[in-house]
Number of protein chains: 2
Amino acid sequence: MTPATDKQAFHGRLLEIGKERYHDKHPFHVMLHGGHATMTQVRAWVINRYYYQSRIPMKDAAFLSRCEDPRMRRAWRSRIEDHDGGVDEGGGIRRWLRLAEAVGLDPAYVASTRGVLPATRFAVDAYVSFVREKPLLEAVASSLTELFAPKIHSERIAGLLEHYAFADDAALAYFRQRLNEAPQDVAFGLAYILDHADTQEKQDAAAAALIFKTDVLWSQLDALYSAYVAPGRIPPGGWDGREGVVGQTVSTEAAE
Amino acid sequence: MTPATDKQAFHGRLLEIGKERYHDKHPFHVMLHGGHATMTQVRAWVINRYYYQSRIPMKDAAFLSRCEDPRMRRAWRSRIEDHDGGVDEGGGIRRWLRLAEAVGLDPAYVASTRGVLPATRFAVDAYVSFVREKPLLEAVASSLTELFAPKIHSERIAGLLEHYAFADDAALAYFRQRLNEAPQDVAFGLAYILDHADTQEKQDAAAAALIFKTDVLWSQLDALYSAYVAPGRIPPGGWDGREGVVGQTVSTEAAE
């Protein structure tokens, strides 16, 4: 057992991972937030990212299912509530489907998860499996991309509002709400990691888990880029750019 | 694929399982509810049953983690909320610890799960694994012992109030609250099973899952009986009848 480096240095190491690898740097996001994505590309993003959104509560439930401490379960449970909402209303998944409607997609098509790229499924399913199977410390550490999320959500809200006709407060409610929720989640997770990664080996494992999670996010955008930007080769089973598009609700392919 | 028998007959088959195998018939419960258990036996029951209570939210989270339909997740999630309660208050686990205090046990000792019989752990862990691994239909079916729970809770409240000095409304709050919660849970689960077990094979699998769950409950009482009634041979690691007992708070071993 090697003694751990001090908490402040370890915290800095985690932040450095975000600076180097978080998906705010991905060319797809640069394109999206800068107003250079076509509506087909925007829709492909909404369709694929829905799969990620819809699996987050399953990931958090997998975490709860392994968590023997009722206190920790009580603190963690709000993540499921935030995403799934109540029986009749609320929640990130429904807010994401409002975004789907705003970009001219049939929300029932998006919710069906048909057309989601296989690479998206593989990456997201790997995240759920990771949280189901790895030591709790690593499962918690994999959530720490939330450290970097407020910045990307703010950039996204500003970028979409500036550049796209579909963007308004209702369409972007998902991102605004995450700006409220993510800070309390990440404060809990970060404190847990800084307290419990008390050896060099555990710090390394936590850092590796955070790197894994940045890979999960990044690879989803690589798959989107490959299918819908360059070379633009949609793989078998991927959304064809037409299914689920509803009438003329978004006629302005202005950015195209 | 064999056609299913009709829903009413299948419902009757499920109820029959409860009549034959539910743990209200177990001699330990007959003894407990009839006022013939010593305080040591009552405490052993409280200590061991806590382990079951504390794993129920993990079992339900395991279910959620496999549940791809957000609507079903939203309906099922209340089970976790009922048992874990909020960050600061409420929930079946805390109500069970009030019962622990009422019977003269240190709730921190009970919550530590030290002294829980190995056979209790094996049975309860088998239930969590079952729900984590089996088809969703069987996972839901294993919850249907709730069909039989209101009767045992009512008998228990009446029996404990009549026979034991420790029993009052605060001590028995867990059971009263379950009388409110269980009917809505079981209505959902039963409707799901009656709708989805649409072949003979699925009906058989659902019935087997319910039988499995009655085994989980029954075997916990067999282990209690063996350790603390007859032959009264406490296995290595099992509660010794003294640890965690707090002062004189329950001096009336009246039933002893």
# chains A, B, ... in the order shown; residues from 1 in each chain; ligands from 1
$ residues_around --residues "Leu160 in chain B" --least-positions-apart "4" --cutoff "7 Å" --atoms "only C-alpha atoms" --output "list in words"
His33, Gly35, Arg156, Tyr164 and Ala167 of chain B
$ interface_residues --of "chain A" --to "chain B" --cutoff "9 Å" --atoms "only C-alpha atoms" --output "PyMOL selection string"
chain A and resi 54-55+57-75+77+80-81+84-88+93+128+132
$ write_last_selection --atoms "C-alpha atoms" --output "tab-separated table (two decimals), in the first residue's frame"
chain	number	residue	atom	x	y	z
A	54	SER	CA	-32.49	6.93	-20.66
A	55	ARG	CA	-29.79	4.65	-19.22
A	57	PRO	CA	-31.34	5.98	-14.04
A	58	MET	CA	-30.51	2.33	-14.69
A	59	LYS	CA	-26.86	3.10	-14.01
A	60	ASP	CA	-27.74	4.86	-10.76
A	61	ALA	CA	-30.07	2.05	-9.75
A	62	ALA	CA	-27.24	-0.42	-10.37
A	63	PHE	CA	-25.18	1.70	-8.00
A	64	LEU	CA	-27.95	1.73	-5.36
A	65	SER	CA	-28.37	-2.02	-5.70
A	66	ARG	CA	-24.79	-2.49	-4.48
A	67	CYS	CA	-24.81	0.19	-1.82
A	68	GLU	CA	-25.20	-1.30	1.67
A	69	ASP	CA	-25.27	2.01	3.52
A	70	PRO	CA	-28.84	3.41	3.69
A	71	ARG	CA	-27.42	6.94	4.15
A	72	MET	CA	-25.51	6.77	0.92
A	73	ARG	CA	-28.50	5.27	-0.88
A	74	ARG	CA	-30.70	8.15	0.32
A	75	ALA	CA	-28.23	10.73	-0.98
A	77	ARG	CA	-31.38	8.27	-5.03
A	80	ILE	CA	-32.84	8.66	-10.35
A	81	GLU	CA	-35.61	11.04	-9.37
A	84	ASP	CA	-36.95	9.72	-14.37
A	85	GLY	CA	-39.23	12.28	-12.72
A	86	GLY	CA	-42.51	11.28	-11.12
A	87	VAL	CA	-45.16	8.88	-12.37
A	88	ASP	CA	-46.96	11.72	-14.09
A	93	ILE	CA	-35.94	12.15	-19.75
A	128	VAL	CA	-23.92	0.81	-16.91
A	132	ARG	CA	-22.73	-2.49	-11.82
$ calpha_fit_and_write --fixed "chain A" --moving "chain B" --output "tab-separated table (two decimals) with C-alpha atoms, in the first residue's frame"
chain	number	residue	atom	x	y	z
B	1	MET	CA	-0.05	0.00	0.04
B	2	THR	CA	1.48	3.28	-1.07
B	3	PRO	CA	0.49	6.42	0.86
B	4	ALA	CA	-1.81	8.69	-1.10
B	5	THR	CA	-0.77	12.06	-2.39
B	6	ASP	CA	-2.59	14.84	-0.59
B	7	LYS	CA	-6.23	15.59	-1.37
B	8	GLN	CA	-5.53	18.88	-3.07
B	9	ALA	CA	-3.05	17.37	-5.49
B	10	PHE	CA	-5.42	14.48	-6.19
B	11	HIS	CA	-8.28	16.92	-6.80
B	12	GLY	CA	-6.02	18.75	-9.26
B	13	ARG	CA	-5.24	15.48	-11.02
B	14	LEU	CA	-8.95	14.82	-11.51
B	15	LEU	CA	-9.55	18.31	-12.88
B	16	GLU	CA	-6.65	17.85	-15.28
B	17	ILE	CA	-8.37	14.78	-16.74
B	18	GLY	CA	-11.34	16.95	-17.60
B	19	LYS	CA	-9.16	19.58	-19.21
B	20	GLU	CA	-7.52	16.99	-21.44
B	21	ARG	CA	-10.30	14.58	-22.26
B	22	TYR	CA	-13.80	15.95	-21.58
B	23	HIS	CA	-16.07	15.97	-24.61
B	24	ASP	CA	-16.52	19.73	-24.65
B	25	LYS	CA	-13.39	19.64	-26.82
B	26	HIS	CA	-14.87	17.24	-29.37
B	27	PRO	CA	-15.27	18.69	-32.89
B	28	PHE	CA	-18.92	17.63	-32.94
B	29	HIS	CA	-19.67	19.83	-29.93
B	30	VAL	CA	-17.62	22.69	-31.34
B	31	MET	CA	-19.70	22.43	-34.50
B	32	LEU	CA	-22.99	22.12	-32.62
B	33	HIS	CA	-22.42	24.98	-30.21
B	34	GLY	CA	-21.00	27.21	-32.91
B	35	GLY	CA	-24.11	26.94	-35.08
B	36	HIS	CA	-22.48	24.87	-37.80
B	37	ALA	CA	-24.51	21.69	-37.41
B	38	THR	CA	-27.28	20.88	-39.88
B	39	MET	CA	-30.70	20.02	-38.48
B	40	THR	CA	-30.01	16.41	-39.48
B	41	GLN	CA	-26.87	16.47	-37.36
B	42	VAL	CA	-28.71	18.13	-34.48
B	43	ARG	CA	-31.41	15.49	-34.69
B	44	ALA	CA	-28.89	12.67	-34.84
B	45	TRP	CA	-27.33	14.05	-31.67
B	46	VAL	CA	-30.73	14.28	-29.96
B	47	ILE	CA	-31.63	10.71	-30.96
B	48	ASN	CA	-28.35	9.21	-29.82
B	49	ARG	CA	-27.95	11.23	-26.68
B	50	TYR	CA	-31.44	10.14	-25.63
B	51	TYR	CA	-30.07	6.64	-25.23
B	52	TYR	CA	-27.50	7.94	-22.77
B	53	GLN	CA	-30.14	9.92	-20.85
B	54	SER	CA	-32.47	6.95	-20.66
B	55	ARG	CA	-29.77	4.66	-19.22
B	56	ILE	CA	-28.59	7.04	-16.51
B	57	PRO	CA	-31.32	6.01	-14.04
B	58	MET	CA	-30.49	2.34	-14.69
B	59	LYS	CA	-26.84	3.12	-14.01
B	60	ASP	CA	-27.73	4.87	-10.76
B	61	ALA	CA	-30.06	2.05	-9.75
B	62	ALA	CA	-27.24	-0.41	-10.39
B	63	PHE	CA	-25.18	1.69	-8.01
B	64	LEU	CA	-27.94	1.72	-5.37
B	65	SER	CA	-28.37	-2.03	-5.71
B	66	ARG	CA	-24.80	-2.52	-4.48
B	67	CYS	CA	-24.83	0.15	-1.81
B	68	GLU	CA	-25.23	-1.35	1.68
B	69	ASP	CA	-25.30	1.95	3.55
B	70	PRO	CA	-28.87	3.35	3.71
B	71	ARG	CA	-27.47	6.89	4.18
B	72	MET	CA	-25.53	6.71	0.96
B	73	ARG	CA	-28.52	5.23	-0.86
B	74	ARG	CA	-30.72	8.10	0.34
B	75	ALA	CA	-28.24	10.69	-0.95
B	76	TRP	CA	-27.71	8.96	-4.28
B	77	ARG	CA	-31.38	8.26	-5.02
B	78	SER	CA	-32.10	11.85	-6.08
B	79	ARG	CA	-30.17	11.18	-9.29
B	80	ILE	CA	-32.81	8.67	-10.35
B	81	GLU	CA	-35.58	11.05	-9.37
B	82	ASP	CA	-33.94	13.90	-11.31
B	83	HIS	CA	-33.81	11.89	-14.51
B	84	ASP	CA	-36.93	9.73	-14.36
B	85	GLY	CA	-39.20	12.29	-12.72
B	86	GLY	CA	-42.49	11.29	-11.11
B	87	VAL	CA	-45.14	8.88	-12.38
B	88	ASP	CA	-46.97	11.74	-14.08
B	89	GLU	CA	-44.48	14.55	-14.64
B	90	GLY	CA	-41.01	15.99	-14.50
B	91	GLY	CA	-37.57	14.55	-14.99
B	92	GLY	CA	-34.67	14.87	-17.38
B	93	ILE	CA	-35.92	12.18	-19.76
B	94	ARG	CA	-39.17	14.02	-20.41
B	95	ARG	CA	-37.25	17.31	-20.77
B	96	TRP	CA	-35.00	15.66	-23.35
B	97	LEU	CA	-38.08	14.54	-25.28
B	98	ARG	CA	-39.26	18.17	-25.29
B	99	LEU	CA	-35.98	19.01	-26.97
B	100	ALA	CA	-36.67	16.20	-29.45
B	101	GLU	CA	-40.03	17.77	-30.30
B	102	ALA	CA	-38.43	21.19	-30.64
B	103	VAL	CA	-35.97	19.91	-33.22
B	104	GLY	CA	-38.82	18.38	-35.24
B	105	LEU	CA	-38.64	14.77	-34.09
B	106	ASP	CA	-41.49	12.53	-33.01
B	107	PRO	CA	-40.73	11.98	-29.30
B	108	ALA	CA	-42.20	8.47	-29.51
B	109	TYR	CA	-39.64	7.63	-32.19
B	110	VAL	CA	-36.82	9.00	-30.08
B	111	ALA	CA	-38.07	7.15	-26.99
B	112	SER	CA	-38.16	3.90	-28.97
B	113	THR	CA	-34.34	4.15	-29.26
B	114	ARG	CA	-34.60	2.74	-32.77
B	115	GLY	CA	-31.92	4.26	-34.95
B	116	VAL	CA	-29.48	4.74	-32.10
B	117	LEU	CA	-26.01	3.98	-33.41
B	118	PRO	CA	-24.62	0.63	-32.26
B	119	ALA	CA	-21.47	2.39	-31.04
B	120	THR	CA	-23.61	4.63	-28.85
B	121	ARG	CA	-25.26	1.59	-27.30
B	122	PHE	CA	-21.92	-0.11	-26.72
B	123	ALA	CA	-20.43	2.90	-25.00
B	124	VAL	CA	-23.46	3.60	-22.82
B	125	ASP	CA	-23.99	-0.05	-21.92
B	126	ALA	CA	-20.32	-0.24	-20.97
B	127	TYR	CA	-20.93	2.59	-18.51
B	128	VAL	CA	-23.91	0.82	-16.92
B	129	SER	CA	-21.86	-2.40	-16.66
B	130	PHE	CA	-18.94	-0.52	-15.16
B	131	VAL	CA	-21.09	0.90	-12.38
B	132	ARG	CA	-22.72	-2.49	-11.83
B	133	GLU	CA	-19.45	-4.39	-11.55
B	134	LYS	CA	-16.58	-2.21	-10.37
B	135	PRO	CA	-15.71	-1.31	-6.77
B	136	LEU	CA	-17.98	1.40	-5.38
B	137	LEU	CA	-15.11	3.88	-5.29
B	138	GLU	CA	-14.63	3.55	-9.04
B	139	ALA	CA	-18.36	3.64	-9.66
B	140	VAL	CA	-18.57	6.95	-7.82
B	141	ALA	CA	-15.46	8.27	-9.57
B	142	SER	CA	-17.00	7.56	-12.96
B	143	SER	CA	-19.74	10.08	-12.13
B	144	LEU	CA	-17.23	12.90	-11.69
B	145	THR	CA	-17.50	14.12	-15.26
B	146	GLU	CA	-20.23	16.18	-13.59
B	147	LEU	CA	-17.35	18.37	-12.43
B	148	PHE	CA	-17.04	19.55	-16.01
B	149	ALA	CA	-20.70	19.54	-17.02
B	150	PRO	CA	-21.82	23.02	-15.92
B	151	LYS	CA	-19.38	24.65	-18.34
B	152	ILE	CA	-20.55	22.60	-21.33
B	153	HIS	CA	-24.23	23.09	-20.44
B	154	SER	CA	-23.76	26.85	-20.22
B	155	GLU	CA	-21.88	26.95	-23.52
B	156	ARG	CA	-24.54	24.79	-25.12
B	157	ILE	CA	-27.45	26.93	-23.93
B	158	ALA	CA	-25.75	30.07	-25.20
B	159	GLY	CA	-24.65	28.51	-28.49
B	160	LEU	CA	-27.98	26.90	-29.33
B	161	LEU	CA	-29.95	30.03	-28.42
B	162	GLU	CA	-27.73	32.15	-30.60
B	163	HIS	CA	-27.62	29.92	-33.65
B	164	TYR	CA	-30.76	27.80	-33.98
B	165	ALA	CA	-34.38	28.72	-34.58
B	166	PHE	CA	-35.67	25.78	-32.53
B	167	ALA	CA	-33.86	26.85	-29.37
B	168	ASP	CA	-35.94	28.46	-26.65
B	169	ASP	CA	-36.38	28.03	-22.91
B	170	ALA	CA	-38.75	25.08	-23.23
B	171	ALA	CA	-36.48	23.25	-25.66
B	172	LEU	CA	-33.41	23.79	-23.51
B	173	ALA	CA	-35.07	23.11	-20.13
B	174	TYR	CA	-33.03	19.93	-19.77
B	175	PHE	CA	-29.74	21.80	-19.70
B	176	ARG	CA	-30.92	24.59	-17.42
B	177	GLN	CA	-32.22	22.04	-14.93
B	178	ARG	CA	-28.92	20.15	-14.99
B	179	LEU	CA	-27.19	23.37	-14.03
B	180	ASN	CA	-29.26	23.23	-10.84
B	181	GLU	CA	-28.88	19.51	-10.14
B	182	ALA	CA	-25.33	18.64	-11.11
B	183	PRO	CA	-23.48	20.79	-8.55
B	184	GLN	CA	-25.08	19.05	-5.55
B	185	ASP	CA	-24.51	15.63	-7.08
B	186	VAL	CA	-20.89	16.29	-7.85
B	187	ALA	CA	-20.23	17.83	-4.44
B	188	PHE	CA	-21.33	14.56	-2.84
B	189	GLY	CA	-19.36	12.37	-5.25
B	190	LEU	CA	-16.21	14.46	-5.09
B	191	ALA	CA	-16.21	14.57	-1.29
B	192	TYR	CA	-16.67	10.80	-1.24
B	193	ILE	CA	-13.75	10.22	-3.59
B	194	LEU	CA	-11.42	12.64	-1.84
B	195	ASP	CA	-12.22	10.93	1.49
B	196	HIS	CA	-12.12	7.32	0.37
B	197	ALA	CA	-9.27	7.26	-2.16
B	198	ASP	CA	-6.76	7.14	0.68
B	199	THR	CA	-3.99	5.17	-1.00
B	200	GLN	CA	-2.09	5.78	-4.20
B	201	GLU	CA	-3.67	2.65	-5.69
B	202	LYS	CA	-7.17	3.91	-4.99
B	203	GLN	CA	-6.37	7.34	-6.37
B	204	ASP	CA	-5.06	5.69	-9.52
B	205	ALA	CA	-8.18	3.54	-9.78
B	206	ALA	CA	-10.45	6.57	-9.31
B	207	ALA	CA	-8.54	8.54	-11.94
B	208	ALA	CA	-8.77	5.59	-14.33
B	209	ALA	CA	-12.52	5.39	-13.74
B	210	LEU	CA	-12.90	9.07	-14.59
B	211	ILE	CA	-10.82	8.57	-17.72
B	212	PHE	CA	-13.02	5.62	-18.66
B	213	LYS	CA	-16.08	7.85	-18.35
B	214	THR	CA	-14.58	10.57	-20.51
B	215	ASP	CA	-13.98	7.79	-23.08
B	216	VAL	CA	-17.65	6.80	-22.85
B	217	LEU	CA	-18.70	10.36	-23.65
B	218	TRP	CA	-16.09	11.02	-26.31
B	219	SER	CA	-16.71	7.82	-28.24
B	220	GLN	CA	-20.41	8.67	-28.57
B	221	LEU	CA	-19.46	11.86	-30.39
B	222	ASP	CA	-16.90	10.05	-32.53
B	223	ALA	CA	-19.68	7.70	-33.63
B	224	LEU	CA	-22.00	10.63	-34.40
B	225	TYR	CA	-19.28	12.40	-36.34
B	226	SER	CA	-18.42	9.32	-38.36
B	227	ALA	CA	-22.05	8.62	-39.23
B	228	TYR	CA	-23.37	12.14	-39.85
B	229	VAL	CA	-20.42	14.47	-40.49
B	230	ALA	CA	-17.34	12.84	-41.97
B	231	PRO	CA	-17.11	10.52	-43.67
B	232	GLY	CA	-20.86	10.52	-43.06
B	233	ARG	CA	-21.20	6.78	-43.39
B	234	ILE	CA	-24.29	5.77	-41.45
B	235	PRO	CA	-23.78	2.20	-40.20
B	236	PRO	CA	-26.46	-0.47	-40.65
B	237	GLY	CA	-29.28	0.19	-38.17
B	238	GLY	CA	-28.36	3.85	-37.69
B	239	TRP	CA	-30.95	6.62	-38.11
B	240	ASP	CA	-31.35	7.45	-41.81
B	241	GLY	CA	-31.98	11.19	-41.39
B	242	ARG	CA	-35.70	10.84	-42.17
B	243	GLU	CA	-37.47	8.40	-39.81
B	244	GLY	CA	-39.27	10.13	-36.97
B	245	VAL	CA	-38.99	13.61	-38.53
B	246	VAL	CA	-42.34	15.29	-38.06
B	247	GLY	CA	-43.81	17.42	-40.87
B	248	GLN	CA	-42.60	20.98	-41.19
B	249	THR	CA	-42.27	21.91	-37.52
B	250	VAL	CA	-38.64	22.83	-38.07
B	251	SER	CA	-38.45	24.02	-41.63
B	252	THR	CA	-35.45	26.23	-41.02
B	253	GLU	CA	-32.45	24.18	-41.92
B	254	ALA	CA	-30.93	27.62	-41.62
B	255	ALA	CA	-27.59	26.45	-40.44
B	256	GLU	CA	-27.31	23.99	-43.29
$ select_by_dssp --residues "range 94-174 of chain A" --states "alpha helix (DSSP H)" --output "NGL selection string"
:A and (94-102 or 107-112 or 118-133 or 136-141 or 149-163 or 173-174)
$ write_last_selection --atoms "N, CA and C atoms" --output "short mmCIF file (atom, residue, chain, number, x, y, z; two decimals), in the first residue's frame"
data_model
loop_
_atom_site.label_atom_id
_atom_site.label_comp_id
_atom_site.auth_asym_id
_atom_site.auth_seq_id
_atom_site.Cartn_x
_atom_site.Cartn_y
_atom_site.Cartn_z
N ARG A 94 -38.08 13.31 -19.75
CA ARG A 94 -39.18 14.02 -20.42
C ARG A 94 -38.70 15.36 -20.98
N ARG A 95 -37.78 16.01 -20.25
CA ARG A 95 -37.26 17.29 -20.78
C ARG A 95 -36.47 17.06 -22.06
N TRP A 96 -35.74 15.94 -22.12
CA TRP A 96 -35.01 15.64 -23.34
C TRP A 96 -35.99 15.41 -24.51
N LEU A 97 -37.10 14.77 -24.22
CA LEU A 97 -38.10 14.53 -25.28
C LEU A 97 -38.75 15.84 -25.73
N ARG A 98 -38.79 16.85 -24.85
CA ARG A 98 -39.26 18.16 -25.29
C ARG A 98 -38.27 18.77 -26.28
N LEU A 99 -36.99 18.56 -26.02
CA LEU A 99 -35.98 19.01 -26.97
C LEU A 99 -36.16 18.28 -28.31
N ALA A 100 -36.45 16.97 -28.22
CA ALA A 100 -36.67 16.20 -29.45
C ALA A 100 -37.81 16.80 -30.28
N GLU A 101 -38.91 17.13 -29.59
CA GLU A 101 -40.03 17.77 -30.30
C GLU A 101 -39.61 19.09 -30.92
N ALA A 102 -38.84 19.86 -30.16
CA ALA A 102 -38.44 21.19 -30.64
C ALA A 102 -37.58 21.10 -31.90
N PRO A 107 -41.35 12.44 -30.57
CA PRO A 107 -40.76 11.96 -29.32
C PRO A 107 -40.93 10.46 -29.11
N ALA A 108 -42.02 9.89 -29.65
CA ALA A 108 -42.22 8.45 -29.52
C ALA A 108 -41.15 7.69 -30.29
N TYR A 109 -40.75 8.25 -31.44
CA TYR A 109 -39.66 7.61 -32.20
C TYR A 109 -38.36 7.68 -31.40
N VAL A 110 -38.07 8.83 -30.86
CA VAL A 110 -36.83 8.98 -30.08
C VAL A 110 -36.84 8.04 -28.88
N ALA A 111 -37.99 7.98 -28.19
CA ALA A 111 -38.08 7.13 -27.00
C ALA A 111 -37.98 5.64 -27.34
N SER A 112 -38.29 5.30 -28.58
CA SER A 112 -38.19 3.88 -28.97
C SER A 112 -36.73 3.43 -29.02
N PRO A 118 -25.16 1.71 -33.07
CA PRO A 118 -24.61 0.62 -32.25
C PRO A 118 -23.46 1.09 -31.36
N ALA A 119 -22.61 1.94 -31.87
CA ALA A 119 -21.47 2.39 -31.05
C ALA A 119 -21.93 3.19 -29.84
N THR A 120 -23.03 3.92 -29.98
CA THR A 120 -23.62 4.63 -28.84
C THR A 120 -24.07 3.63 -27.78
N ARG A 121 -24.79 2.61 -28.25
CA ARG A 121 -25.26 1.59 -27.30
C ARG A 121 -24.09 0.93 -26.58
N PHE A 122 -23.07 0.58 -27.34
CA PHE A 122 -21.94 -0.12 -26.72
C PHE A 122 -21.29 0.75 -25.64
N ALA A 123 -21.11 2.01 -25.96
CA ALA A 123 -20.44 2.89 -25.00
C ALA A 123 -21.30 3.08 -23.74
N VAL A 124 -22.58 3.35 -23.96
CA VAL A 124 -23.47 3.60 -22.82
C VAL A 124 -23.65 2.33 -21.99
N ASP A 125 -23.83 1.20 -22.67
CA ASP A 125 -24.00 -0.06 -21.93
C ASP A 125 -22.73 -0.40 -21.14
N ALA A 126 -21.58 -0.02 -21.69
CA ALA A 126 -20.33 -0.25 -20.96
C ALA A 126 -20.31 0.56 -19.67
N TYR A 127 -20.89 1.75 -19.72
CA TYR A 127 -20.95 2.59 -18.51
C TYR A 127 -21.85 1.95 -17.45
N VAL A 128 -23.02 1.47 -17.87
CA VAL A 128 -23.92 0.81 -16.91
C VAL A 128 -23.23 -0.42 -16.31
N SER A 129 -22.56 -1.20 -17.15
CA SER A 129 -21.87 -2.40 -16.65
C SER A 129 -20.74 -2.03 -15.69
N PHE A 130 -20.03 -0.98 -16.02
CA PHE A 130 -18.94 -0.53 -15.16
C PHE A 130 -19.46 -0.24 -13.75
N VAL A 131 -20.55 0.50 -13.68
CA VAL A 131 -21.10 0.89 -12.38
C VAL A 131 -21.70 -0.32 -11.66
N ARG A 132 -22.16 -1.29 -12.42
CA ARG A 132 -22.73 -2.49 -11.82
C ARG A 132 -21.64 -3.39 -11.24
N GLU A 133 -20.45 -3.36 -11.84
CA GLU A 133 -19.46 -4.39 -11.54
C GLU A 133 -18.21 -3.90 -10.79
N LEU A 136 -17.16 0.20 -5.56
CA LEU A 136 -17.98 1.41 -5.39
C LEU A 136 -17.17 2.69 -5.61
N LEU A 137 -15.94 2.69 -5.13
CA LEU A 137 -15.11 3.88 -5.30
C LEU A 137 -14.99 4.26 -6.77
N GLU A 138 -14.77 3.27 -7.61
CA GLU A 138 -14.63 3.55 -9.04
C GLU A 138 -15.97 3.92 -9.67
N ALA A 139 -17.04 3.29 -9.16
CA ALA A 139 -18.38 3.65 -9.67
C ALA A 139 -18.68 5.11 -9.37
N VAL A 140 -18.35 5.54 -8.16
CA VAL A 140 -18.56 6.95 -7.82
C VAL A 140 -17.66 7.85 -8.68
N ALA A 141 -16.41 7.45 -8.82
CA ALA A 141 -15.46 8.28 -9.58
C ALA A 141 -15.92 8.47 -11.02
N ALA A 149 -19.46 19.39 -16.27
CA ALA A 149 -20.71 19.54 -17.01
C ALA A 149 -21.28 20.96 -17.00
N PRO A 150 -21.22 21.69 -15.88
CA PRO A 150 -21.84 23.02 -15.91
C PRO A 150 -21.29 23.91 -17.03
N LYS A 151 -19.99 23.81 -17.28
CA LYS A 151 -19.39 24.64 -18.33
C LYS A 151 -19.98 24.27 -19.70
N ILE A 152 -20.08 22.98 -19.99
CA ILE A 152 -20.57 22.60 -21.31
C ILE A 152 -22.06 22.92 -21.45
N HIS A 153 -22.82 22.76 -20.36
CA HIS A 153 -24.25 23.09 -20.44
C HIS A 153 -24.44 24.58 -20.70
N SER A 154 -23.65 25.40 -20.03
CA SER A 154 -23.77 26.86 -20.23
C SER A 154 -23.40 27.24 -21.66
N GLU A 155 -22.31 26.67 -22.15
CA GLU A 155 -21.89 26.95 -23.53
C GLU A 155 -22.96 26.50 -24.52
N ARG A 156 -23.55 25.35 -24.20
CA ARG A 156 -24.55 24.79 -25.12
C ARG A 156 -25.80 25.66 -25.16
N ILE A 157 -26.28 26.05 -23.99
CA ILE A 157 -27.47 26.92 -23.95
C ILE A 157 -27.21 28.19 -24.75
N ALA A 158 -26.08 28.82 -24.50
CA ALA A 158 -25.77 30.07 -25.21
C ALA A 158 -25.64 29.84 -26.71
N GLY A 159 -24.92 28.76 -27.07
CA GLY A 159 -24.66 28.49 -28.49
C GLY A 159 -25.93 28.14 -29.24
N LEU A 160 -26.76 27.29 -28.63
CA LEU A 160 -27.99 26.89 -29.32
C LEU A 160 -28.94 28.07 -29.46
N LEU A 161 -29.07 28.85 -28.38
CA LEU A 161 -29.97 30.02 -28.43
C LEU A 161 -29.53 31.00 -29.52
N GLU A 162 -28.24 31.16 -29.67
CA GLU A 162 -27.74 32.15 -30.62
C GLU A 162 -27.92 31.69 -32.07
N HIS A 163 -27.79 30.37 -32.29
CA HIS A 163 -27.63 29.93 -33.67
C HIS A 163 -28.82 29.18 -34.26
N ALA A 173 -34.83 23.27 -21.57
CA ALA A 173 -35.09 23.11 -20.14
C ALA A 173 -34.20 22.03 -19.53
N TYR A 174 -33.90 20.98 -20.30
CA TYR A 174 -33.04 19.92 -19.77
C TYR A 174 -31.73 20.48 -19.25
#
$ decode --residues "range 224-230 of chain B" --atoms "N, CA, C and O atoms" --output "PDB file, in the first residue's frame"
ATOM      1  N   LEU B 224     -33.839 -18.968  12.509  1.00  0.00           N
ATOM      2  CA  LEU B 224     -34.099 -18.371  13.824  1.00  0.00           C
ATOM      3  C   LEU B 224     -34.506 -19.442  14.825  1.00  0.00           C
ATOM      4  O   LEU B 224     -34.039 -19.467  15.972  1.00  0.00           O
ATOM      5  N   TYR B 225     -35.410 -20.308  14.394  1.00  0.00           N
ATOM      6  CA  TYR B 225     -35.919 -21.354  15.278  1.00  0.00           C
ATOM      7  C   TYR B 225     -34.797 -22.272  15.731  1.00  0.00           C
ATOM      8  O   TYR B 225     -34.629 -22.575  16.922  1.00  0.00           O
ATOM      9  N   SER B 226     -33.993 -22.692  14.767  1.00  0.00           N
ATOM     10  CA  SER B 226     -32.875 -23.585  15.075  1.00  0.00           C
ATOM     11  C   SER B 226     -31.899 -22.941  16.061  1.00  0.00           C
ATOM     12  O   SER B 226     -31.420 -23.589  16.992  1.00  0.00           O
ATOM     13  N   ALA B 227     -31.631 -21.661  15.878  1.00  0.00           N
ATOM     14  CA  ALA B 227     -30.617 -20.999  16.712  1.00  0.00           C
ATOM     15  C   ALA B 227     -31.163 -20.632  18.083  1.00  0.00           C
ATOM     16  O   ALA B 227     -30.448 -20.720  19.084  1.00  0.00           O
ATOM     17  N   TYR B 228     -32.425 -20.214  18.154  1.00  0.00           N
ATOM     18  CA  TYR B 228     -32.911 -19.581  19.390  1.00  0.00           C
ATOM     19  C   TYR B 228     -34.113 -20.277  20.030  1.00  0.00           C
ATOM     20  O   TYR B 228     -34.602 -19.837  21.060  1.00  0.00           O
ATOM     21  N   VAL B 229     -34.642 -21.329  19.389  1.00  0.00           N
ATOM     22  CA  VAL B 229     -35.770 -22.038  20.006  1.00  0.00           C
ATOM     23  C   VAL B 229     -35.365 -23.511  20.214  1.00  0.00           C
ATOM     24  O   VAL B 229     -35.052 -23.917  21.327  1.00  0.00           O
ATOM     25  N   ALA B 230     -35.362 -24.252  19.159  1.00  0.00           N
ATOM     26  CA  ALA B 230     -34.980 -25.666  19.288  1.00  0.00           C
ATOM     27  C   ALA B 230     -34.256 -26.116  18.030  1.00  0.00           C
ATOM     28  O   ALA B 230     -34.767 -25.881  16.936  1.00  0.00           O
TER      29      ALA B 230
END
